[in-house]
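As provided, target35.txt (compact mmCIF, C-alpha atoms and all ligand atoms) reads as follows.
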# COMPACT_ATOMS: atom_id res chain seq x y z
CA MET P 1 0.00 0.00 0.00
CA ILE P 2 2.84 2.33 0.88
CA ILE P 3 4.63 1.49 -2.36
CA VAL P 4 1.51 2.24 -4.35
CA LYS P 5 1.14 5.58 -2.57
CA ARG P 6 4.74 6.54 -3.17
CA THR P 7 4.58 5.59 -6.84
CA CYS P 8 1.43 7.61 -7.21
CA CYS P 9 2.97 10.58 -5.43
CA SER P 10 6.07 10.30 -7.55
CA PHE P 11 3.95 10.44 -10.70
CA LEU P 12 1.92 13.37 -9.44
CA SER P 13 5.09 15.16 -8.35
CA ALA P 14 6.59 14.74 -11.78
CA LEU P 15 3.39 16.12 -13.25
CA LEU P 16 3.50 19.11 -10.90
CA LEU P 17 7.13 19.83 -11.70
CA THR P 18 6.28 19.70 -15.40
CA LEU P 19 3.57 22.27 -14.76
CA MET P 20 6.02 24.37 -12.78
CA THR P 21 8.28 24.71 -15.76
CA SER P 22 5.48 25.63 -18.13
CA SER P 23 4.40 29.20 -18.61
CA CYS P 24 0.93 28.61 -17.19
CA TYR P 25 1.58 27.14 -13.74
CA ALA P 26 1.80 30.57 -12.09
CA GLN P 27 -1.91 31.02 -12.72
CA GLN P 28 -3.01 27.91 -10.82
CA PRO P 29 -6.25 28.82 -9.02
CA VAL P 30 -6.02 26.21 -6.26
CA ALA P 31 -5.96 27.67 -2.73
CA GLU P 32 -2.61 26.79 -1.15
CA LYS P 33 -4.08 25.44 2.08
CA GLU P 34 -6.00 22.88 0.04
CA ILE P 35 -2.85 21.45 -1.55
CA ASP P 36 -1.75 18.10 -0.17
CA PRO P 37 1.97 18.57 0.68
CA THR P 38 2.68 14.94 -0.22
CA LEU P 39 1.94 15.76 -3.87
CA THR P 40 5.37 17.39 -4.20
CA GLU P 41 7.27 14.62 -2.42
CA VAL P 42 9.48 12.45 -4.65
CA TRP P 43 10.58 9.12 -3.13
CA GLU P 44 12.16 7.30 -6.07
CA PRO P 45 14.95 6.95 -6.89
CA GLU P 46 16.79 7.21 -3.57
CA PRO P 47 20.25 8.85 -3.96
CA ARG P 48 23.00 6.29 -3.32
CA VAL P 49 25.42 6.71 -0.40
CA VAL P 50 28.93 8.15 -0.95
CA GLN P 51 31.56 8.79 1.75
CA SER P 52 34.11 11.60 1.92
CA GLY P 53 36.51 13.99 3.60
CA GLU P 54 37.98 17.00 5.30
CA THR P 55 36.97 20.65 5.86
CA HIS P 56 38.19 24.15 4.96
CA THR P 57 39.47 27.24 6.72
CA PRO P 58 38.23 30.62 5.45
CA PRO P 59 40.10 32.22 2.54
CA SER P 60 41.59 35.69 3.08
CA ASP P 61 38.71 37.60 1.46
CA ALA P 62 35.88 35.75 3.20
CA ILE P 63 33.25 37.48 5.34
CA ILE P 64 33.13 35.52 8.58
CA LEU P 65 29.55 34.83 9.58
CA LEU P 66 30.29 32.44 12.43
CA GLY P 67 33.71 32.07 14.02
CA ASP P 68 35.18 33.05 17.38
CA ASP P 69 33.23 36.29 17.81
CA GLY P 70 29.72 35.15 18.70
CA LEU P 71 26.47 35.81 16.90
CA GLY P 72 27.16 39.42 15.89
CA ALA P 73 26.55 38.73 12.21
CA TRP P 74 23.06 37.36 12.92
CA GLN P 75 19.64 38.57 14.03
CA ALA P 76 16.13 37.17 14.36
CA ALA P 77 14.66 36.51 10.91
CA TYR P 78 11.30 38.21 11.43
CA SER P 79 12.09 41.05 13.85
CA ASP P 80 14.95 43.36 14.73
CA GLU P 81 15.80 41.34 17.84
CA ALA P 82 19.12 39.63 18.41
CA ALA P 83 19.55 36.04 17.31
CA GLY P 84 18.26 33.87 20.17
CA TRP P 85 20.26 30.72 19.49
CA ASP P 86 22.99 29.40 21.81
CA TYR P 87 26.64 30.15 21.12
CA SER P 88 29.72 28.62 22.74
CA ASP P 89 33.32 28.40 21.54
CA GLY P 90 32.52 28.95 17.90
CA THR P 91 29.53 26.62 17.82
CA MET P 92 25.96 27.83 17.44
CA THR P 93 22.98 25.67 18.39
CA VAL P 94 19.35 26.07 17.39
CA VAL P 95 17.15 26.84 20.39
CA LYS P 96 13.69 25.46 19.74
CA GLY P 97 11.09 28.18 19.57
CA LYS P 98 13.53 31.06 19.18
CA GLY P 99 12.77 31.06 15.48
CA ASP P 100 14.76 31.35 12.31
CA ILE P 101 17.79 33.64 12.21
CA LYS P 102 19.35 35.53 9.32
CA THR P 103 22.48 37.47 8.50
CA LYS P 104 22.36 41.21 9.03
CA GLN P 105 24.15 41.62 5.73
CA LYS P 106 22.31 40.97 2.49
CA PHE P 107 23.82 39.17 -0.45
CA THR P 108 23.28 38.45 -4.11
CA ASP P 109 25.70 35.95 -5.72
CA VAL P 110 27.84 34.15 -3.15
CA GLN P 111 30.11 31.28 -2.29
CA LEU P 112 29.05 29.97 1.12
CA HIS P 113 30.84 27.57 3.42
CA ILE P 114 28.80 26.18 6.31
CA GLU P 115 29.39 23.32 8.72
CA TRP P 116 26.55 21.70 10.62
CA ARG P 117 25.88 18.71 12.82
CA SER P 118 22.73 16.84 13.68
CA PRO P 119 21.70 16.46 17.35
CA GLN P 120 23.84 13.84 19.07
CA THR P 121 20.80 12.15 20.51
CA ILE P 122 18.91 10.61 17.64
CA GLU P 123 15.24 11.44 18.01
CA GLY P 124 12.42 11.36 15.52
CA GLU P 125 12.51 10.14 11.97
CA GLY P 126 12.13 11.42 8.45
CA GLN P 127 11.69 15.19 8.38
CA GLY P 128 11.63 15.26 12.19
CA ARG P 129 15.27 14.23 12.68
CA GLY P 130 17.85 17.01 12.72
CA ASN P 131 15.88 19.32 10.46
CA SER P 132 17.09 22.83 9.71
CA GLY P 133 17.93 24.53 6.45
CA VAL P 134 20.07 27.19 4.86
CA PHE P 135 18.09 29.66 2.79
CA PHE P 136 19.63 31.97 0.23
CA GLN P 137 17.99 35.39 0.04
CA GLU P 138 15.71 34.00 2.79
CA ILE P 139 13.56 32.01 0.34
CA TYR P 140 15.63 29.36 -1.46
CA GLU P 141 16.31 26.40 0.86
CA ILE P 142 19.07 23.85 0.73
CA GLN P 143 17.84 21.23 3.18
CA ILE P 144 19.69 20.40 6.37
CA LEU P 145 18.55 17.09 7.84
CA ASP P 146 20.00 14.02 9.53
CA SER P 147 19.87 11.90 6.37
CA TYR P 148 22.27 9.27 7.69
CA GLN P 149 20.22 6.10 7.54
CA ASN P 150 17.03 8.14 7.86
CA ARG P 151 14.68 7.76 4.94
CA THR P 152 12.40 10.56 3.85
CA TYR P 153 11.27 11.82 0.46
CA SER P 154 14.32 12.20 -1.76
CA ASN P 155 13.70 15.82 -2.67
CA GLY P 156 13.48 16.64 1.04
CA GLN P 157 16.61 14.89 2.34
CA ALA P 158 19.85 16.63 3.27
CA GLY P 159 21.25 18.65 0.39
CA ALA P 160 17.99 18.76 -1.53
CA ILE P 161 16.90 22.00 -3.13
CA TYR P 162 13.76 21.58 -1.09
CA LYS P 163 10.91 19.98 -3.05
CA GLN P 164 12.63 20.79 -6.36
CA HIS P 165 15.78 18.68 -6.81
CA MET P 166 17.06 15.71 -4.83
CA PRO P 167 20.85 15.56 -4.27
CA LEU P 168 22.76 13.52 -6.85
CA VAL P 169 24.03 11.25 -4.05
CA ASN P 170 23.79 10.96 -0.27
CA ALA P 171 27.17 12.19 1.07
CA MET P 172 26.21 12.16 4.76
CA ASN P 173 28.66 11.38 7.51
CA PRO P 174 27.42 9.40 10.53
CA THR P 175 25.12 11.39 12.80
CA SER P 176 27.80 12.27 15.39
CA GLU P 177 30.08 13.95 12.82
CA TRP P 178 30.16 17.41 11.28
CA GLU P 179 28.83 17.96 7.77
CA VAL P 180 30.21 20.52 5.32
CA TYR P 181 28.34 22.35 2.59
CA ASP P 182 30.19 24.50 0.07
CA ILE P 183 27.58 26.24 -2.03
CA ILE P 184 27.86 28.55 -5.04
CA PHE P 185 24.63 30.48 -5.41
CA THR P 186 23.68 32.68 -8.35
CA ALA P 187 20.68 34.85 -7.57
CA PRO P 188 17.73 35.23 -9.94
CA ARG P 189 17.35 38.41 -11.94
CA PHE P 190 14.18 40.41 -12.54
CA ASN P 191 13.52 43.21 -15.02
CA LYS P 192 12.07 46.60 -14.11
CA ASP P 193 8.55 45.23 -14.55
CA GLY P 194 9.21 42.55 -11.95
CA VAL P 195 9.41 39.72 -14.47
CA LYS P 196 12.00 37.05 -13.80
CA ILE P 197 14.48 37.03 -16.67
CA SER P 198 17.01 34.61 -15.19
CA SER P 199 16.53 31.83 -12.67
CA ALA P 200 18.66 31.24 -9.60
CA TYR P 201 21.28 28.50 -9.98
CA VAL P 202 23.15 26.58 -7.36
CA THR P 203 26.13 24.24 -7.14
CA VAL P 204 26.37 22.31 -3.87
CA ILE P 205 29.35 20.31 -2.60
CA HIS P 206 28.61 18.15 0.45
CA ASN P 207 31.67 16.80 2.28
CA GLY P 208 33.68 17.27 -0.91
CA VAL P 209 31.12 15.56 -3.13
CA VAL P 210 29.14 17.45 -5.77
CA ILE P 211 25.45 16.92 -5.12
CA HIS P 212 24.11 19.70 -7.41
CA ASN P 213 25.96 20.93 -10.50
CA HIS P 214 24.74 24.37 -11.60
CA GLN P 215 21.17 23.35 -10.89
CA GLU P 216 18.30 25.69 -11.72
CA ILE P 217 16.09 26.79 -8.83
CA TYR P 218 12.56 27.23 -10.14
CA GLY P 219 11.53 29.75 -7.50
CA THR P 220 10.81 29.76 -3.78
CA THR P 221 11.14 26.35 -2.11
CA GLU P 222 7.64 25.77 -0.79
CA TYR P 223 6.40 23.13 1.64
CA ARG P 224 3.03 23.20 -0.11
CA GLY P 225 2.55 23.76 -3.78
CA TRP P 226 4.79 25.14 -6.42
CA PRO P 227 7.55 27.77 -6.53
CA LYS P 228 6.82 31.47 -6.55
CA ASN P 229 8.79 34.11 -8.43
CA SER P 230 8.02 37.53 -6.99
CA ALA P 231 10.72 40.10 -7.79
CA HIS P 232 13.28 40.81 -5.10
CA GLY P 233 16.75 42.19 -4.60
CA ALA P 234 19.62 41.18 -2.35
CA GLY P 235 18.66 39.10 0.68
CA SER P 236 19.99 37.60 3.88
CA ILE P 237 21.20 34.07 4.43
CA LYS P 238 18.65 32.49 6.76
CA LEU P 239 18.93 29.42 8.99
CA GLN P 240 15.87 27.48 10.04
CA ASP P 241 14.58 26.65 13.52
CA HIS P 242 12.67 23.46 12.77
CA GLY P 243 12.55 22.49 16.44
CA ASN P 244 15.71 20.35 16.47
CA PRO P 245 18.99 21.44 18.20
CA VAL P 246 21.12 21.35 15.06
CA GLN P 247 24.60 22.86 15.51
CA PHE P 248 26.63 25.13 13.23
CA ARG P 249 30.26 26.27 13.07
CA ASN P 250 32.73 27.86 10.66
CA ILE P 251 30.33 29.76 8.43
CA TRP P 252 31.83 32.15 5.90
CA VAL P 253 30.81 33.72 2.64
CA ARG P 254 32.49 35.32 -0.35
CA GLU P 255 30.55 37.73 -2.54
CA LEU P 256 30.82 36.91 -6.24
MG MG P 301 14.48 22.29 6.60
As structure tokens, how would this structure be written, given the file I've shared?
Amino acid sequence: MIIVKRTCCSFLSALLLTLMTSSCYAQQPVAEKEIDPTLTEVWEPEPRVVQSGETHTPPSDAIILLGDDGLGAWQAAYSDEAAGWDYSDGTMTVVKGKGDIKTKQKFTDVQLHIEWRSPQTIEGEGQGRGNSGVFFQEIYEIQILDSYQNRTYSNGQAGAIYKQHMPLVNAMNPTSEWEVYDIIFTAPRFNKDGVKISSAYVTVIHNGVVIHNHQEIYGTTEYRGWPKNSAHGAGSIKLQDHGNPVQFRNIWVREL
């Protein structure tokens, strides 16, 4: 029964993604709250497992977003308050309920290095285990999740461009170890009428393994429904409070 459901969802998801890339999908009349979120889950194929290596220190021209100086580069995502997450010795930890945080500085095209680690006590499963996310310009999510031996929909596992593209492979380390994302993000462009004239693109390297190679981002990475493409300018890098105490360290960015 589960297999039948997943196959069906996979078909419907493919259909939805086809609609997304057509010129008419933006005029869909369906109310968002009525959309079944499982319609955009893709379960097959499951990216195969690959193992890999070591981390990086910041290059000389990097902007340090998280190092030895606390949370000064960050603030609450939806107010002017300070970032409410824990910080100790270079490591930042999500505090459940404190909400998403974002960089004070806004960016367009960037190279981002970010290290993260799932909670050391394994709790929950699927999307409920070690969930966070790194959002470019606050609206384009690369998923952070404990995807080490933790099945969920493929386009929602760690490294996924959420609900749009699954990672090429699963490069996760075991749960107790640090993960490294090196991400090259090219922002979308809009003309003076607010029409998108160039999509966002992203290349993602997870623990030294390419999991997205100049992949198009169709628009905002929605939990329900299809991407949106409202015009915007530079934006912050946002990290998600999904209720799990995910940890971060050694975050730096280079503007491109
Ligand atoms: Mg997430």
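Note that atom CA of Glu81 of chain P and atom CA of Gln111 of chain P are 26.7 Å apart.
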| said: Just the number, please: distance in Å from atom CA of Ser154 of chain P to atom CA of Thr221 of chain P, one decimal. | reply: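 These two atoms are separated by 14.5 Å.
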| request: Counting only C-alpha atoms and all ligand atoms, figure out which residue out of P:Pro37, P:Gly72, P:Gly208, P:Gly243 gets nearest to ligand MG 301 (chain P). | output: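 Looking only at the distances to ligand MG 301 (chain P), the closest residue turns out to be P:Gly243.
Atom pair atom CA of Glu41 of chain P / atom CA of Ile161 of chain P has a distance of 12.2 Å (rounded to one decimal).
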| query | Which one is closest to ligand MG 301 (chain P): P:Tyr181, P:Trp226, P:Trp43, P:Phe135? Count only C-alpha atoms and all ligand atoms. | reply |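 Using only C-alpha atoms and all ligand atoms, the shortest distance to ligand MG 301 (chain P) belongs to P:Phe135.
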| said: So, with all atoms listed in the file as the atoms that count, which of P:Asn155, P:Gln137, P:Ser132, P:Gln247 lies closest to ligand MG 301 (chain P)? | reply: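 Among the listed residues, the smallest separation from ligand MG 301 (chain P) belongs to P:Ser132.
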| task | Show which residues sit within 12 Å of His165 of chain P, as a ChimeraX atom specification. Count all atoms listed in the file, and ignore same-chain residues fewer than 5 positions away. | result | /P:13-14,17,40-47,140-143,153-160,201-204,211-219,221
| Selection near Lys96 of chain P, 9 Å with all atoms listed in the file, sequence-local residues under 6 positions removed, as a list in words |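 Skipping anything fewer than 6 positions along the chain leaves Trp85, Asp241, His242, Gly243, Asn244 and Pro245 of chain P.
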| field | Who sits within 8 Å of Ser198 of chain P, all atoms listed in the file, same chain under 3 positions skipped, as JSON, numbers by chain | value | {"P": [188, 189, 190]}
| message | With only C-alpha atoms as the counted atoms, please give the residues lying no more than 9 Å from Gly84 of chain P, apart from itself and same-chain residues fewer than 5 positions off, as a PyMOL selection string. | response | chain P and resi 75-76+94-95+98-101
| said: Using all atoms listed in the file, which protein or nucleic acid residues come within 9 Å of Gln149 of chain P? Drop anything in the same chain fewer than 5 positions from it, and give the result as a list in words. | reply: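 Counting only the stated atoms, we get Met172, Pro174 and Thr175 of chain P.
Closest approach to Thr220 of chain P from the set P:Ile197, P:Ile139, P:Ala187, P:Ile205 is made by P:Ile139, with distances taken over only C-alpha atoms.
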| message | Considering all atoms listed in the file, can you say which of P:Val169, P:Leu145, P:Ile251, P:Leu256 comes closest to ligand MG 301 (chain P)? | response |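 The answer is P:Leu145, which sits nearest to ligand MG 301 (chain P).
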| query | Nearest to ligand MG 301 (chain P) among P:Gln240, P:Thr108, P:Asn207, P:Thr91, with distances taken over all atoms listed in the file: which residue is it? | reply |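 Distance minimum relative to ligand MG 301 (chain P) lands on P:Gln240.
A search radius of 6 Å centred on (9.2, 22.6, -1.6), applied to all atoms listed in the file, returns the residues Tyr162, Lys163, Thr221, Glu222 and Tyr223 of chain P.
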Quick one: 5 Å padding each side, axis-aligned, all listed atoms of segment 108-112 of chain P - centre and edge lengths in Å to one decimal, as lines of an AutoDock Vina configuration file?
center_x = 26.7
center_y = 34.2
center_z = -2.3
size_x = 16.8
size_y = 18.5
size_z = 16.8
